[in-house]
Structure formats: C-alpha cells, structure tokens
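Q: Have a look at the structure that comes next, please.
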Amino acid sequence: MQTLNINFQIPSNWAELGDKQLRYVFSLLAGDFSADEIKTLCLLRWSGTKVIGRQESGAYLLKKGKFFFEATPLMLAELLPHLDWLAAMPTAPIRPAKIKRRAALTADFQGVPFETYIVVDNLYQGYLTTQSDDLLDELASVLYPGVKTPLSAENRIAVFYWVASLKEFFSNKFSDFLQPVAAEGDNLLGTSSATAVEDAMNAQIRALTKGDVTKEAEILQLDTWRALTELNAQAKEYKQLNAQLNAKK
C-alpha cells in the first residue's frame with residue numbers, strides 16, 4: 001500500500017489574493033452559497049484540486065495534479081478553518097484592478113483628491129442607510145472612471161468590499177480622527193443619517209481651511225492621505241487638550 005501526502009497550499013489572508021482569486025470570491029458571494037460552501041469551493045479552486053465524483057461510501061474522489069485520492073466530507077471540513085478569514089472584513093483595501101475594462105483608482109487612495117474621497121464616503125454612507133444598489137453603481141462610476149452601469153451583483157459586491165476595507169484601513173491608520181465603532185455623529189464611520197454625514201464633511205473642510213472659504217477649492221484637491229493626516233493630528237491635539245483640562249478639574 002502506498003501512502004500519499006497531499007499538500008493544500010492556499011492564501012492565508014485577503015492581501016494574498018490575486019485579481020482572479022478576488023473575483024472568484026466575489027462571484028461566490030453573489031451566488032446562493034453558504035459560508036462553508038464558499039470556503040470549500042475556494043479551498044478546492046486555490047489548491048488546484050478537482051472533484052471527479054463521489055464514492056458510494058460518501059467520500060469524494062479528488063484529483064490534484066496527476067494524483068487521484070479520496071477525501072471524506074469530514075476531512076475537508078477540518079481544513080475550512082484555514083479560510084475563516086474570508087468571513088472577516090479585509091484590514092487593507094482590496095479591489096479588482098478593472099471592472100468592464102475600466103481601471104480603478106489607487107486602492108488605498110494615496111494620490112486621490114480629498115474631494116473624491118468625500119464623494120465616495122457620502123455614497124457609501126448612503127448605501128448603508130438605504131441599501132440601494134443604484135448607489136453602488138454611482139460609487140463604481142467614481143472608483144472606476146468611465147465604467148458603464150448598471151453593474152452585475154458580483155461587481156457591486158467588489159465595490160462594496162473596496163470601500164468597506166478602505167474605511168477599515170483608515171480607521172486604524174487615522175485612529176484619532178476615524179474610529180470603527182461610535183455613536184451616531186461622533187465620526188464618519190459611525191454616522192448613518194445623510195444630514196449627519198453632510199455635517200461631518202463640512203466640519204472636516206472647515207477644520208482644514210481654518211474657516212477661510214477662499215482655501216476650500218485648494219483643500220478639496222489635497223491628497224486624501226495628506227488631508228486625513230492633518231485632520232488626525234488636529235483630533236489628537238484636541239483629545240490631548242481635553243485630557244489636560246480634565247486633569248486640572
């Protein structure tokens with residue numbers, strides 16, 4: 001009897017996914033698959049393993065390279081925890097490089113005008129409130145300039161994951177200004193009402209212009225990272241000042 005050792009080499013996080021792998025995940029998310037089914041299909045696809053058939057015993061006949069072997073459902077289930085990260089939001093921005101042959105903006109928004117980020121955030125917050133697919137299509141038109149809409153469900157999911165992962169990334173990088181969870185009105189990530197989002201955006205612009213409306217156009221063209229860095233520094237200084245004042249009470 002011959003013993004075979006079959007190695008399953010698969011990505012260990014979102015950042016390791018290539019463009020085709022990312023699109024495959026989004027296509028599964030757009031389908032009627034359970035979380036475990038998505039993990040199983042990704043496990044087989046990414047490890048280069050094909051299902052040939054099912055034995056009378058209930059085991060699957062699989063083919064990997066030139067080798068054929070059997071695997072029970074339990075054996076496959078024991079491998080699924082290695083893909084649990086698929087159920088979590090990416091901690092760094094991820095997105096397909098193109099949608100309908102239209103190139104995307106920079107994934108992490110470095111070099112993207114602050115005005116564009118404001119538009120994206122408004123549309124994203126609007127989607128969270130209304131769940132309107134039209135807003136995801138509008139987001140796509142900003143993120144993939146020139147793209148034709150309406151989008152497929154797969155591409156809408158891709159757009160949502162990009163912005164959600166970008167917001168998560170910013171909430172960690174600019175943590176004094178943006179926080180992942182907060183009461184409504186405290187910061188952009190916690191707001192849900194359209195009025196609250198608009199007020200927050202206006203407050204950001206006022207903070208950057210120091211109240212000088214003649215500088216607004218210049219501020220809107222700032223690199224997103226530069227604008228958020230300044231806002232984060234102001235938020236940090238404000239927190240430190242408050243802490244000092246409270247300590248004197």
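By order in the structure tokens, chains are A, B, ...; within a chain, residues start at 1; ligands start at 1, following the order shown.
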As a list in words, list the residues of range 109-152 of chain A assigned to helix (DSSP H, G or I) by DSSP on the backbone atoms of this structure.

A: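 Those in range 109-152 of chain A that DSSP calls helix (DSSP H, G or I) are Phe114, Glu115, Thr116, Tyr117, Ile118, Val119, Val120, Asp121, Asn122, Leu123, Tyr124, Gln125, Gly126, Tyr127, Leu128, Thr129, Thr130, Asp133, Asp134, Leu135, Leu136, Asp137, Glu138, Leu139, Ala140, Ser141, Val142 and Leu143 of chain A.
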
Q: Take the residues that were just selected and, keeping N, CA, C and O atoms, output them as an mmCIF file, in the first residue's frame.

A:
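The result, stored in selection14.cif:
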```cif
data_model
loop_
_atom_site.group_PDB
_atom_site.id
_atom_site.type_symbol
_atom_site.label_atom_id
_atom_site.label_comp_id
_atom_site.auth_asym_id
_atom_site.auth_seq_id
_atom_site.Cartn_x
_atom_site.Cartn_y
_atom_site.Cartn_z
ATOM 1 N N PHE A 114 -8.906 64.680 -2.099
ATOM 2 C CA PHE A 114 -9.774 64.573 -0.925
ATOM 3 C C PHE A 114 -11.238 64.732 -1.320
ATOM 4 O O PHE A 114 -12.123 64.105 -0.739
ATOM 5 N N GLU A 115 -11.504 65.539 -2.321
ATOM 6 C CA GLU A 115 -12.875 65.731 -2.792
ATOM 7 C C GLU A 115 -13.480 64.408 -3.264
ATOM 8 O O GLU A 115 -14.648 64.122 -3.012
ATOM 9 N N THR A 116 -12.665 63.582 -3.941
ATOM 10 C CA THR A 116 -13.145 62.285 -4.403
ATOM 11 C C THR A 116 -13.482 61.384 -3.225
ATOM 12 O O THR A 116 -14.504 60.685 -3.232
ATOM 13 N N TYR A 117 -12.637 61.424 -2.198
ATOM 14 C CA TYR A 117 -12.906 60.620 -1.000
ATOM 15 C C TYR A 117 -14.214 61.062 -0.347
ATOM 16 O O TYR A 117 -14.996 60.223 0.118
ATOM 17 N N ILE A 118 -14.463 62.363 -0.313
ATOM 18 C CA ILE A 118 -15.702 62.874 0.280
ATOM 19 C C ILE A 118 -16.917 62.340 -0.484
ATOM 20 O O ILE A 118 -17.908 61.902 0.114
ATOM 21 N N VAL A 119 -16.839 62.368 -1.807
ATOM 22 C CA VAL A 119 -17.934 61.864 -2.635
ATOM 23 C C VAL A 119 -18.146 60.367 -2.369
ATOM 24 O O VAL A 119 -19.277 59.904 -2.181
ATOM 25 N N VAL A 120 -17.049 59.612 -2.357
ATOM 26 C CA VAL A 120 -17.120 58.169 -2.116
ATOM 27 C C VAL A 120 -17.736 57.872 -0.756
ATOM 28 O O VAL A 120 -18.607 57.011 -0.620
ATOM 29 N N ASP A 121 -17.300 58.607 0.266
ATOM 30 C CA ASP A 121 -17.814 58.357 1.613
ATOM 31 C C ASP A 121 -19.303 58.683 1.713
ATOM 32 O O ASP A 121 -20.061 57.960 2.356
ATOM 33 N N ASN A 122 -19.730 59.762 1.079
ATOM 34 C CA ASN A 122 -21.154 60.115 1.088
ATOM 35 C C ASN A 122 -21.996 59.030 0.435
ATOM 36 O O ASN A 122 -23.052 58.642 0.958
ATOM 37 N N LEU A 123 -21.550 58.526 -0.718
ATOM 38 C CA LEU A 123 -22.291 57.480 -1.418
ATOM 39 C C LEU A 123 -22.309 56.189 -0.606
ATOM 40 O O LEU A 123 -23.330 55.495 -0.534
ATOM 41 N N TYR A 124 -21.186 55.872 0.025
ATOM 42 C CA TYR A 124 -21.095 54.666 0.838
ATOM 43 C C TYR A 124 -22.029 54.747 2.041
ATOM 44 O O TYR A 124 -22.761 53.796 2.337
ATOM 45 N N GLN A 125 -22.010 55.870 2.735
ATOM 46 C CA GLN A 125 -22.904 56.046 3.884
ATOM 47 C C GLN A 125 -24.360 55.996 3.438
ATOM 48 O O GLN A 125 -25.221 55.453 4.138
ATOM 49 N N GLY A 126 -24.625 56.552 2.253
ATOM 50 C CA GLY A 126 -25.977 56.495 1.715
ATOM 51 C C GLY A 126 -26.413 55.069 1.439
ATOM 52 O O GLY A 126 -27.561 54.694 1.704
ATOM 53 N N TYR A 127 -25.475 54.256 0.930
ATOM 54 C CA TYR A 127 -25.806 52.853 0.677
ATOM 55 C C TYR A 127 -26.094 52.112 1.980
ATOM 56 O O TYR A 127 -27.036 51.314 2.062
ATOM 57 N N LEU A 128 -25.284 52.368 3.013
ATOM 58 C CA LEU A 128 -25.500 51.701 4.298
ATOM 59 C C LEU A 128 -26.889 52.015 4.850
ATOM 60 O O LEU A 128 -27.513 51.186 5.508
ATOM 61 N N THR A 129 -27.363 53.222 4.570
ATOM 62 C CA THR A 129 -28.668 53.652 5.082
ATOM 63 C C THR A 129 -29.820 53.092 4.251
ATOM 64 O O THR A 129 -30.823 52.633 4.788
ATOM 65 N N THR A 130 -29.663 53.121 2.913
ATOM 66 C CA THR A 130 -30.780 52.785 2.025
ATOM 67 C C THR A 130 -30.702 51.387 1.415
ATOM 68 O O THR A 130 -31.722 50.851 0.967
ATOM 69 N N ASP A 133 -28.918 49.598 -4.572
ATOM 70 C CA ASP A 133 -27.865 49.182 -5.493
ATOM 71 C C ASP A 133 -27.440 50.314 -6.418
ATOM 72 O O ASP A 133 -26.306 50.318 -6.919
ATOM 73 N N ASP A 134 -28.338 51.249 -6.664
ATOM 74 C CA ASP A 134 -28.001 52.386 -7.525
ATOM 75 C C ASP A 134 -26.819 53.171 -6.962
ATOM 76 O O ASP A 134 -25.995 53.707 -7.716
ATOM 77 N N LEU A 135 -26.718 53.227 -5.638
ATOM 78 C CA LEU A 135 -25.618 53.955 -5.015
ATOM 79 C C LEU A 135 -24.297 53.217 -5.191
ATOM 80 O O LEU A 135 -23.232 53.841 -5.299
ATOM 81 N N LEU A 136 -24.341 51.890 -5.240
ATOM 82 C CA LEU A 136 -23.124 51.127 -5.531
ATOM 83 C C LEU A 136 -22.681 51.374 -6.972
ATOM 84 O O LEU A 136 -21.484 51.444 -7.259
ATOM 85 N N ASP A 137 -23.645 51.512 -7.874
ATOM 86 C CA ASP A 137 -23.310 51.835 -9.265
ATOM 87 C C ASP A 137 -22.684 53.228 -9.345
ATOM 88 O O ASP A 137 -21.721 53.450 -10.089
ATOM 89 N N GLU A 138 -23.223 54.171 -8.569
ATOM 90 C CA GLU A 138 -22.647 55.520 -8.543
ATOM 91 C C GLU A 138 -21.232 55.488 -7.974
ATOM 92 O O GLU A 138 -20.339 56.185 -8.447
ATOM 93 N N LEU A 139 -21.044 54.672 -6.934
ATOM 94 C CA LEU A 139 -19.702 54.506 -6.369
ATOM 95 C C LEU A 139 -18.739 53.987 -7.431
ATOM 96 O O LEU A 139 -17.603 54.468 -7.548
ATOM 97 N N ALA A 140 -19.186 53.006 -8.182
ATOM 98 C CA ALA A 140 -18.334 52.422 -9.221
ATOM 99 C C ALA A 140 -17.925 53.471 -10.252
ATOM 100 O O ALA A 140 -16.781 53.473 -10.727
ATOM 101 N N SER A 141 -18.844 54.363 -10.584
ATOM 102 C CA SER A 141 -18.532 55.386 -11.583
ATOM 103 C C SER A 141 -17.454 56.350 -11.102
ATOM 104 O O SER A 141 -16.764 56.975 -11.909
ATOM 105 N N VAL A 142 -17.310 56.468 -9.773
ATOM 106 C CA VAL A 142 -16.251 57.307 -9.201
ATOM 107 C C VAL A 142 -14.960 56.507 -9.066
ATOM 108 O O VAL A 142 -13.873 56.990 -9.391
ATOM 109 N N LEU A 143 -15.075 55.280 -8.604
ATOM 110 C CA LEU A 143 -13.901 54.434 -8.343
ATOM 111 C C LEU A 143 -13.285 53.869 -9.621
ATOM 112 O O LEU A 143 -12.080 53.618 -9.674
#
```

Q: Determine the nearest neighbour of Phe177 in chain A from the options A:Lys39, A:Arg102, A:Lys239, A:Arg54, counting only C-alpha atoms.

A: A:Lys239

Q: Applying 6 Å and only C-alpha atoms, which residues near Lys63 in chain A remain after dropping the ones on its own chain fewer than 4 positions away? List them as a PyMOL selection string.

A: chain A and resi 49-50+67-68

Q: Emit the selected residues as a PDB file, in the first residue's frame, including C-alpha atoms.

A:
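What landed in again_36.pdb:
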```pdb
ATOM      1  CA  THR A  49      -7.935  20.251  -6.740  1.00  0.00           C
ATOM      2  CA  LYS A  50     -10.821  18.964  -8.846  1.00  0.00           C
ATOM      3  CA  PHE A  67      -2.787  12.131  -8.315  1.00  0.00           C
ATOM      4  CA  PHE A  68      -6.248  10.769  -7.548  1.00  0.00           C
TER       5      PHE A  68
END
```

Q: Using only C-alpha atoms, find the one residue out of A:Pro145, A:Pro150, A:Pro90, A:Pro113 that sits nearest to Trp14 in chain A.

A: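 Selected residue with least distance to Trp14 in chain A: A:Pro90.
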
Q: Excluding Thr91 in chain A and any residue of its chain fewer than 5 positions from it, enumerate the residues within 7 Å of it, using only C-alpha atoms, and give them as a ChimeraX atom specification.

A: /A:165,168-169

Q: Write out the residues from the selection above, keeping N, CA and C atoms, as a PDB file, in the first residue's frame.

A:
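What ended up in again-v6.pdb:
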```pdb
ATOM      1  N   SER A 165     -13.355  48.036   3.113  1.00  0.00           N
ATOM      2  CA  SER A 165     -11.986  47.725   3.552  1.00  0.00           C
ATOM      3  C   SER A 165     -11.136  48.988   3.627  1.00  0.00           C
ATOM      4  N   GLU A 168     -12.088  50.630   6.883  1.00  0.00           N
ATOM      5  CA  GLU A 168     -11.479  49.881   7.985  1.00  0.00           C
ATOM      6  C   GLU A 168      -9.989  50.227   8.098  1.00  0.00           C
ATOM      7  N   PHE A 169      -9.331  50.294   6.961  1.00  0.00           N
ATOM      8  CA  PHE A 169      -7.903  50.624   6.915  1.00  0.00           C
ATOM      9  C   PHE A 169      -7.655  52.027   7.468  1.00  0.00           C
TER      10      PHE A 169
END
```

Q: Within range 7-224 of chain A, find each residue whose DSSP state, derived from the backbone, is strand (DSSP E), and express the selection as a list in words.

A: Thr49, Lys50, Val51, Ile52, Gly53, Arg54, Tyr60, Leu61, Leu62, Lys63, Lys64, Phe67, Phe68, Phe69, Glu70, Ala71, Lys98, Ile99, Arg102 and Ala103 of chain A

Q: For C-alpha atoms, I'd like the residues from the last selection saved as a PDB file, in the first residue's frame.

A:
```pdb
ATOM      1  CA  THR A  49      -7.935  20.251  -6.740  1.00  0.00           C
ATOM      2  CA  LYS A  50     -10.821  18.964  -8.846  1.00  0.00           C
ATOM      3  CA  VAL A  51     -13.814  16.918  -7.748  1.00  0.00           C
ATOM      4  CA  ILE A  52     -14.096  13.894 -10.029  1.00  0.00           C
ATOM      5  CA  GLY A  53     -17.053  12.246  -8.340  1.00  0.00           C
ATOM      6  CA  ARG A  54     -18.454  10.810  -5.160  1.00  0.00           C
ATOM      7  CA  TYR A  60     -15.189  12.415  -2.703  1.00  0.00           C
ATOM      8  CA  LEU A  61     -12.837  11.301  -5.442  1.00  0.00           C
ATOM      9  CA  LEU A  62     -10.452  14.193  -5.998  1.00  0.00           C
ATOM     10  CA  LYS A  63      -7.686  14.905  -8.488  1.00  0.00           C
ATOM     11  CA  LYS A  64      -4.714  17.136  -7.732  1.00  0.00           C
ATOM     12  CA  PHE A  67      -2.787  12.131  -8.315  1.00  0.00           C
ATOM     13  CA  PHE A  68      -6.248  10.769  -7.548  1.00  0.00           C
ATOM     14  CA  PHE A  69      -7.281  10.392  -3.923  1.00  0.00           C
ATOM     15  CA  GLU A  70     -10.326  10.132  -1.690  1.00  0.00           C
ATOM     16  CA  ALA A  71     -11.371  12.671   0.931  1.00  0.00           C
ATOM     17  CA  LYS A  98     -10.520  46.721 -13.542  1.00  0.00           C
ATOM     18  CA  ILE A  99     -14.271  46.477 -13.974  1.00  0.00           C
ATOM     19  CA  ARG A 102     -12.066  50.430 -16.783  1.00  0.00           C
ATOM     20  CA  ALA A 103      -9.079  50.871 -14.473  1.00  0.00           C
TER      21      ALA A 103
END
```

Q: Do you have the CA of Val147 in chain A-CA of Lys100 in chain A distance handy?

A: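 Atom-to-atom, CA of Val147 in chain A to CA of Lys100 in chain A, that is 6.5 Å.
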